[in-house]
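Enquirer: Below: one structure in structure tokens.
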Amino acid sequence: MQTGQASQTARGAAAHRAIHQTLDDGAIFSDPLALKILDDETRATLDEVAANPALRPMRLFIAARSRFSEDSLAMSVARGVRQVVVLGAGLDTFGLRNLHGDIGVFEVDYPATQGWKRERLKQADIAIPSSLTFAPVDFERQSLADGLAAAGFQSDRPAFFQWLGVTPYLTREAVASTLDFIVGVPESEVVFDYAEPFENYPANRRAVIMAIAEGTAARGEPWLSLFDPPELAAMLLGRGFGDVEDLGLAELTERFYGALKQGIPIGPGGHVVRARNISNTANGK
């Protein structure tokens with residue numbers, strides 16, 4: 001991401017969510033604010049993006065990861081969790097349409113991206129509910145723990161973390177340190193996505209995935225971390241997460257896509273993971 005500029009990948013993900021509402025009737029994930037929150041620059045690209053069949057698998061994956069995350073979030077709230085943290089929120093709209101009553105939602109993002117989002121909300125006349133707190137964090141100068149604490153997050157109380165579309169752009173050290181913070185919150189739960197290494201893909205799909213990665217790198221947001229599923233599972237279990245669910249493309253397609261699954265390649269690709277610290281004390285001890 002370019003210093004001082006809003007994230008281009010946040011724009012791209014928002015475009016896919018909006019197109020899913022119009023082209024796929026929101027069949028996997030319904031988001032009534034997905035189109036309204038877009039800026040004019042992003043909205044101008046929608047027809048071109050929608051017409052590209054190579055981008056359809058990405059669009060449906062983005063819809064499925066949001067659906068899985070918000071389904072998991074609802075179950076977490078039903079257990080009594082009252083804090084939700086959206087890491088790398090971009091133009092995600094959960095905090096704006098939260099119907100779970102007395103929970104507090106904390107959106108964490110780089111200051112430039114968050115400032116751009118807040119300007120978008122003002123221009124689109126989208127109200128910011130009292131339950132939503134923005135936590136701008138400049139990770140070069142401030143830790144996630146400090147940024148959340150400044151926003152009023154209580155790290156000694158259970159919380160649900162949504163962390164979508166972020167891990168490929170972080171170093172492995174940054175991924176590990178974020179997981180360490182999350183598992184340090186008692187009875188915490190996180191949903192995040194990750195991508196497999198390029199060499200896991202068959203040659204024809206590898207070219208498509210590498211082209212996507214090259215495109216994000218050209219916009220200043222290179223992919224830095226890719227994980228093999230067994231490696232990622234060991235990383236979570238070794239940190240004290242005792243309940244891990246990892247959905248690859250086959251599982252996501254079967255669970256969420258319905259009639260939209262036609263033409264979707266099954267094999268290596270994006271994964272969505274739910275991991276929970278089931279201990280009553282921090283760090284699983």
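Every chain in the structure tokens has a letter given in the order shown (A, B, ...), and although residue numbers restart at 1 in each chain, ligands are simply numbered from 1 in the order shown.
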Find the residues near Leu249 in chain A: any atom within 12 Å, counting only C-alpha atoms, skip ones fewer than 3 places away on the same chain, and give them as a list in words.
Expert: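 Everything that qualifies: Pro57, Met58, Leu60, Phe61, Ile62, Ala64, Arg65, Asp193, Tyr194, Ala195, Glu196, Asp246, Leu252, Thr253, Glu254, Arg255, Phe256, Tyr257, Lys261, Ile264, Pro265, Ile266, Gly267, Pro268, Gly269, Gly270, His271, Val272 and Val273 of chain A.
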Enquirer: Among range 138-255 of chain A, which residues does DSSP mark as strand (DSSP E) when it is run on the backbone? Keep the chain and numbering as in the structure and answer as a list in words.
Expert: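 Reading the DSSP output for range 138-255 of chain A, strand (DSSP E) covers Phe160, Phe161, Gln162, Trp163, Glu189, Val190, Val191, Phe192, Asp193, Tyr194, Ala195, Asp243, Val244, Glu245, Asp246 and Leu247 of chain A.
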Enquirer: For the residues in that selection, give me all heavy atoms as a CSV table (one decimal), in the first residue's frame.
Expert:
chain,number,residue,atom,x,y,z
A,160,PHE,N,-14.6,-11.6,19.3
A,160,PHE,CA,-14.5,-12.2,18.0
A,160,PHE,C,-13.8,-11.3,17.1
A,160,PHE,O,-14.0,-10.1,17.0
A,160,PHE,CB,-16.0,-12.5,17.4
A,160,PHE,CG,-16.0,-13.1,16.1
A,160,PHE,CD1,-16.1,-14.5,16.0
A,160,PHE,CD2,-15.9,-12.3,14.9
A,160,PHE,CE1,-16.1,-15.1,14.7
A,160,PHE,CE2,-15.9,-12.9,13.7
A,160,PHE,CZ,-16.0,-14.3,13.6
A,161,PHE,N,-12.9,-11.9,16.3
A,161,PHE,CA,-12.0,-11.2,15.4
A,161,PHE,C,-12.3,-11.6,13.9
A,161,PHE,O,-12.2,-12.8,13.6
A,161,PHE,CB,-10.5,-11.4,15.6
A,161,PHE,CG,-10.1,-10.8,16.9
A,161,PHE,CD1,-10.3,-11.5,18.1
A,161,PHE,CD2,-9.4,-9.6,17.0
A,161,PHE,CE1,-9.9,-11.0,19.3
A,161,PHE,CE2,-9.0,-9.1,18.2
A,161,PHE,CZ,-9.2,-9.8,19.4
A,162,GLN,N,-12.7,-10.7,13.1
A,162,GLN,CA,-12.8,-10.9,11.6
A,162,GLN,C,-11.6,-10.3,11.0
A,162,GLN,O,-11.3,-9.1,11.1
A,162,GLN,CB,-14.1,-10.3,11.1
A,162,GLN,CG,-14.2,-10.4,9.6
A,162,GLN,CD,-15.5,-9.9,9.0
A,162,GLN,OE1,-16.6,-10.5,9.2
A,162,GLN,NE2,-15.5,-8.8,8.4
A,163,TRP,N,-10.9,-11.1,10.2
A,163,TRP,CA,-9.6,-10.7,9.6
A,163,TRP,C,-9.5,-11.2,8.2
A,163,TRP,O,-8.9,-12.2,7.9
A,163,TRP,CB,-8.5,-11.3,10.5
A,163,TRP,CG,-7.1,-10.9,10.3
A,163,TRP,CD1,-6.7,-9.7,9.8
A,163,TRP,CD2,-5.9,-11.6,10.6
A,163,TRP,NE1,-5.3,-9.6,9.7
A,163,TRP,CE2,-4.8,-10.8,10.3
A,163,TRP,CE3,-5.7,-12.8,11.2
A,163,TRP,CZ2,-3.5,-11.2,10.5
A,163,TRP,CZ3,-4.4,-13.2,11.4
A,163,TRP,CH2,-3.3,-12.4,11.1
A,189,GLU,N,-12.1,-15.8,19.4
A,189,GLU,CA,-12.3,-16.6,18.1
A,189,GLU,C,-12.0,-15.7,17.0
A,189,GLU,O,-12.2,-14.5,17.0
A,189,GLU,CB,-13.8,-17.0,18.0
A,189,GLU,CG,-14.1,-17.9,16.8
A,189,GLU,CD,-15.4,-18.6,17.0
A,189,GLU,OE1,-16.1,-18.4,18.0
A,189,GLU,OE2,-15.8,-19.3,16.0
A,190,VAL,N,-11.4,-16.3,15.9
A,190,VAL,CA,-11.0,-15.5,14.8
A,190,VAL,C,-11.4,-16.2,13.5
A,190,VAL,O,-11.3,-17.5,13.5
A,190,VAL,CB,-9.5,-15.2,14.8
A,190,VAL,CG1,-8.6,-16.5,14.8
A,190,VAL,CG2,-9.1,-14.3,13.6
A,191,VAL,N,-11.8,-15.5,12.5
A,191,VAL,CA,-12.0,-16.0,11.2
A,191,VAL,C,-11.1,-15.2,10.2
A,191,VAL,O,-11.2,-14.0,10.2
A,191,VAL,CB,-13.5,-15.9,10.7
A,191,VAL,CG1,-13.6,-16.3,9.2
A,191,VAL,CG2,-14.4,-16.9,11.5
A,192,PHE,N,-10.3,-15.9,9.5
A,192,PHE,CA,-9.4,-15.2,8.5
A,192,PHE,C,-9.2,-16.1,7.3
A,192,PHE,O,-9.6,-17.3,7.3
A,192,PHE,CB,-8.0,-14.9,9.2
A,192,PHE,CG,-7.2,-16.1,9.5
A,192,PHE,CD1,-6.2,-16.6,8.7
A,192,PHE,CD2,-7.4,-16.8,10.7
A,192,PHE,CE1,-5.4,-17.7,9.0
A,192,PHE,CE2,-6.6,-17.9,11.1
A,192,PHE,CZ,-5.6,-18.3,10.2
A,193,ASP,N,-8.7,-15.5,6.2
A,193,ASP,CA,-8.4,-16.3,5.0
A,193,ASP,C,-7.0,-16.3,4.7
A,193,ASP,O,-6.2,-15.4,5.2
A,193,ASP,CB,-9.3,-15.8,3.9
A,193,ASP,CG,-9.0,-14.3,3.5
A,193,ASP,OD1,-8.7,-13.5,4.5
A,193,ASP,OD2,-9.1,-13.9,2.4
A,194,TYR,N,-6.5,-17.3,3.9
A,194,TYR,CA,-5.1,-17.3,3.5
A,194,TYR,C,-5.1,-18.0,2.1
A,194,TYR,O,-6.1,-18.6,1.7
A,194,TYR,CB,-4.3,-18.0,4.5
A,194,TYR,CG,-4.5,-19.5,4.6
A,194,TYR,CD1,-3.7,-20.4,3.8
A,194,TYR,CD2,-5.5,-20.1,5.4
A,194,TYR,CE1,-3.9,-21.8,3.9
A,194,TYR,CE2,-5.7,-21.4,5.5
A,194,TYR,CZ,-4.9,-22.3,4.8
A,194,TYR,OH,-5.0,-23.7,4.9
A,195,ALA,N,-4.0,-17.9,1.4
A,195,ALA,CA,-3.8,-18.4,0.1
A,195,ALA,C,-2.6,-19.5,0.2
A,195,ALA,O,-1.7,-19.3,0.9
A,195,ALA,CB,-3.4,-17.4,-0.9
A,243,ASP,N,-9.7,-25.2,18.7
A,243,ASP,CA,-10.9,-25.6,17.8
A,243,ASP,C,-10.7,-24.9,16.5
A,243,ASP,O,-10.9,-23.7,16.3
A,243,ASP,CB,-12.2,-25.1,18.5
A,243,ASP,CG,-13.4,-25.4,17.7
A,243,ASP,OD1,-13.3,-26.2,16.7
A,243,ASP,OD2,-14.5,-24.8,18.0
A,244,VAL,N,-10.2,-25.7,15.5
A,244,VAL,CA,-9.8,-25.1,14.2
A,244,VAL,C,-10.6,-25.7,13.1
A,244,VAL,O,-10.7,-26.9,13.0
A,244,VAL,CB,-8.3,-25.3,13.9
A,244,VAL,CG1,-7.9,-24.7,12.5
A,244,VAL,CG2,-7.5,-24.6,15.0
A,245,GLU,N,-11.2,-24.9,12.3
A,245,GLU,CA,-12.0,-25.3,11.1
A,245,GLU,C,-11.4,-24.6,9.9
A,245,GLU,O,-11.4,-23.4,9.8
A,245,GLU,CB,-13.5,-25.0,11.2
A,245,GLU,CG,-14.4,-25.5,10.1
A,245,GLU,CD,-15.8,-25.1,10.3
A,245,GLU,OE1,-16.1,-24.3,11.2
A,245,GLU,OE2,-16.7,-25.7,9.6
A,246,ASP,N,-10.9,-25.4,8.9
A,246,ASP,CA,-10.3,-24.8,7.7
A,246,ASP,C,-11.1,-25.3,6.5
A,246,ASP,O,-11.2,-26.5,6.2
A,246,ASP,CB,-8.8,-25.3,7.6
A,246,ASP,CG,-8.1,-24.7,6.4
A,246,ASP,OD1,-8.7,-24.3,5.4
A,246,ASP,OD2,-6.8,-24.5,6.6
A,247,LEU,N,-11.7,-24.3,5.8
A,247,LEU,CA,-12.5,-24.6,4.6
A,247,LEU,C,-11.7,-24.2,3.3
A,247,LEU,O,-11.4,-23.1,3.1
A,247,LEU,CB,-13.8,-23.9,4.6
A,247,LEU,CG,-14.8,-24.1,5.8
A,247,LEU,CD1,-16.1,-23.3,5.6
A,247,LEU,CD2,-15.0,-25.6,6.0
Enquirer: For each of A:Ala150, A:Met75, A:Ala89, A:Ala259, take the minimum atom-to-atom distance to Ala14 in chain A, counting only C-alpha atoms, then give the residue where this is smallest.
Expert: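 Using only C-alpha atoms, Ala14 in chain A sits closest to A:Ala89.
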Enquirer: Quick one: residues within 10 Å of range 227-241 of chain A, only C-alpha atoms counted, chain neighbours fewer than 6 positions away excluded, as an MDAnalysis selection string?
Expert: chainID A and resid 167:168 172 176 179:180 182:184 187:190 194:198 200 247:248 268 271 273:279 282:285
Enquirer: For Ala127 in chain A, please output as a PyMOL selection string all residues within 12 Å (counting only C-alpha atoms; exclusion window: fewer than 3 positions along the same chain).
Expert: chain A and resi 33+37+93+95-97+118-124+130-132
Enquirer: Next, dump the selected residues to file, keeping only all heavy atoms, as a CSV table (one decimal), in the first residue's frame.
Expert:
chain,number,residue,atom,x,y,z
A,33,LEU,N,-25.5,-2.6,1.7
A,33,LEU,CA,-24.7,-1.4,1.6
A,33,LEU,C,-23.5,-1.5,0.7
A,33,LEU,O,-22.8,-0.6,0.5
A,33,LEU,CB,-24.2,-1.0,3.0
A,33,LEU,CG,-25.3,-0.6,4.0
A,33,LEU,CD1,-24.6,-0.3,5.4
A,33,LEU,CD2,-26.1,0.6,3.6
A,37,ILE,N,-21.7,2.1,-0.7
A,37,ILE,CA,-20.5,2.6,0.0
A,37,ILE,C,-19.4,2.9,-1.0
A,37,ILE,O,-18.4,3.5,-0.7
A,37,ILE,CB,-20.1,1.6,1.1
A,37,ILE,CG1,-19.1,2.3,2.1
A,37,ILE,CG2,-19.4,0.4,0.4
A,37,ILE,CD1,-18.8,1.4,3.3
A,93,THR,N,-18.9,-3.7,5.6
A,93,THR,CA,-20.1,-2.9,6.2
A,93,THR,C,-20.7,-3.5,7.4
A,93,THR,O,-21.7,-3.1,7.9
A,93,THR,CB,-21.1,-2.8,5.1
A,93,THR,OG1,-21.7,-4.1,4.8
A,93,THR,CG2,-20.6,-2.1,3.8
A,95,GLY,N,-20.1,-3.5,10.6
A,95,GLY,CA,-20.3,-2.5,11.7
A,95,GLY,C,-21.4,-1.5,11.5
A,95,GLY,O,-21.9,-0.9,12.4
A,96,LEU,N,-21.8,-1.3,10.2
A,96,LEU,CA,-22.8,-0.4,9.8
A,96,LEU,C,-24.2,-1.0,9.8
A,96,LEU,O,-25.2,-0.2,9.9
A,96,LEU,CB,-22.5,0.2,8.4
A,96,LEU,CG,-21.1,0.9,8.3
A,96,LEU,CD1,-20.8,1.1,6.8
A,96,LEU,CD2,-21.1,2.2,9.1
A,97,ARG,N,-24.3,-2.3,9.7
A,97,ARG,CA,-25.6,-3.0,9.6
A,97,ARG,C,-25.7,-4.0,10.7
A,97,ARG,O,-26.5,-4.9,10.6
A,97,ARG,CB,-25.8,-3.6,8.3
A,97,ARG,CG,-24.6,-4.4,7.8
A,97,ARG,CD,-24.8,-5.0,6.4
A,97,ARG,NE,-23.5,-5.6,6.0
A,97,ARG,CZ,-23.1,-6.8,6.4
A,97,ARG,NH1,-23.9,-7.5,7.2
A,97,ARG,NH2,-21.9,-7.3,6.0
A,118,ARG,N,-14.3,6.8,6.0
A,118,ARG,CA,-15.2,7.7,6.8
A,118,ARG,C,-15.7,8.8,5.9
A,118,ARG,O,-16.9,9.3,6.0
A,118,ARG,CB,-14.5,8.3,8.0
A,118,ARG,CG,-14.1,7.2,9.0
A,118,ARG,CD,-13.6,7.7,10.3
A,118,ARG,NE,-14.7,8.3,11.1
A,118,ARG,CZ,-14.6,8.6,12.4
A,118,ARG,NH1,-13.5,8.4,13.0
A,118,ARG,NH2,-15.6,9.1,13.0
A,119,GLU,N,-14.9,9.3,4.9
A,119,GLU,CA,-15.3,10.3,4.0
A,119,GLU,C,-16.4,9.7,3.1
A,119,GLU,O,-17.4,10.3,2.7
A,119,GLU,CB,-14.2,10.8,3.2
A,119,GLU,CG,-14.5,11.9,2.2
A,119,GLU,CD,-15.1,13.1,2.8
A,119,GLU,OE1,-14.8,13.4,4.0
A,119,GLU,OE2,-15.8,13.9,2.2
A,120,ARG,N,-16.2,8.4,2.7
A,120,ARG,CA,-17.2,7.7,1.8
A,120,ARG,C,-18.6,7.6,2.6
A,120,ARG,O,-19.6,7.9,2.0
A,120,ARG,CB,-16.7,6.3,1.5
A,120,ARG,CG,-15.7,6.2,0.4
A,120,ARG,CD,-16.3,6.8,-0.9
A,120,ARG,NE,-17.6,6.3,-1.2
A,120,ARG,CZ,-18.6,7.1,-1.6
A,120,ARG,NH1,-18.4,8.4,-1.7
A,120,ARG,NH2,-19.8,6.6,-1.9
A,121,LEU,N,-18.5,7.3,3.8
A,121,LEU,CA,-19.8,7.2,4.6
A,121,LEU,C,-20.5,8.5,4.6
A,121,LEU,O,-21.7,8.6,4.5
A,121,LEU,CB,-19.5,6.7,6.0
A,121,LEU,CG,-18.9,5.3,6.1
A,121,LEU,CD1,-18.6,4.9,7.6
A,121,LEU,CD2,-19.8,4.3,5.4
A,122,LYS,N,-19.7,9.6,4.8
A,122,LYS,CA,-20.3,10.9,4.8
A,122,LYS,C,-20.9,11.3,3.5
A,122,LYS,O,-22.1,11.8,3.4
A,122,LYS,CB,-19.2,12.0,5.2
A,122,LYS,CG,-19.7,13.4,5.3
A,122,LYS,CD,-18.6,14.3,5.7
A,122,LYS,CE,-19.0,15.8,5.7
A,122,LYS,NZ,-17.9,16.7,6.1
A,123,GLN,N,-20.2,11.0,2.4
A,123,GLN,CA,-20.7,11.4,1.1
A,123,GLN,C,-21.9,10.5,0.7
A,123,GLN,O,-22.8,11.0,0.0
A,123,GLN,CB,-19.6,11.2,0.1
A,123,GLN,CG,-18.5,12.2,0.2
A,123,GLN,CD,-17.3,12.0,-0.8
A,123,GLN,OE1,-17.4,11.0,-1.6
A,123,GLN,NE2,-16.3,12.8,-0.7
A,124,ALA,N,-21.9,9.3,1.2
A,124,ALA,CA,-23.1,8.4,0.8
A,124,ALA,C,-24.2,8.5,1.8
A,124,ALA,O,-25.2,7.8,1.7
A,124,ALA,CB,-22.6,6.9,0.8
A,130,SER,N,-23.8,4.1,17.0
A,130,SER,CA,-23.0,4.3,18.3
A,130,SER,C,-22.2,3.1,18.7
A,130,SER,O,-21.2,3.2,19.5
A,130,SER,CB,-23.9,4.7,19.4
A,130,SER,OG,-24.9,3.7,19.6
A,131,SER,N,-22.6,1.9,18.2
A,131,SER,CA,-21.9,0.7,18.5
A,131,SER,C,-20.6,0.5,17.8
A,131,SER,O,-19.8,-0.4,18.1
A,131,SER,CB,-22.8,-0.5,18.2
A,131,SER,OG,-23.2,-0.6,16.9
A,132,LEU,N,-20.3,1.3,16.8
A,132,LEU,CA,-19.1,1.2,16.0
A,132,LEU,C,-18.0,2.2,16.4
A,132,LEU,O,-18.3,3.4,16.4
A,132,LEU,CB,-19.4,1.4,14.5
A,132,LEU,CG,-18.3,1.4,13.5
A,132,LEU,CD1,-17.5,0.1,13.6
A,132,LEU,CD2,-18.8,1.6,12.1
Enquirer: Among the residues of range 58-269 of chain A, find those DSSP assigns to helix (DSSP H, G or I) from the backbone and print them as a PyMOL selection string.
Expert: chain A and resi 58-78+94-96+111-123+144-151+167-169+172-183+198-200+203-218+229-237+249-261
Enquirer: Mind pulling up the distance from CA of Ser143 in chain A to CA of Glu107 in chain A?
Expert: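 Answer for the CA of Glu107 in chain A to CA of Ser143 in chain A separation: 14.6 Å.
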Enquirer: Could you tell me which of A:Asp125, A:Thr216, A:Arg11, A:His20 comes closest to Arg43 in chain A if we count only C-alpha atoms?
Expert: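 Nearest to Arg43 in chain A: A:Arg11.
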Enquirer: Quick one, how far is CA of His16 in chain A from CA of Ala203 in chain A?
Expert: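 Spanning CA of His16 in chain A to CA of Ala203 in chain A is a straight-line distance of 25.2 Å.
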Enquirer: With only C-alpha atoms as the counted atoms, please give the residues lying no more than 10 Å from Asp109 in chain A, apart from itself and same-chain residues fewer than 6 positions off, as a ChimeraX atom specification.
Expert: /A:6-7,86-90,115,117,134-139,144,147
Enquirer: Just to confirm, what's the straight-line distance from CA of Pro186 in chain A to CA of Pro158 in chain A in Å (one decimal)?
Expert: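 We find that CA of Pro186 in chain A and CA of Pro158 in chain A lie 5.3 Å from each other.
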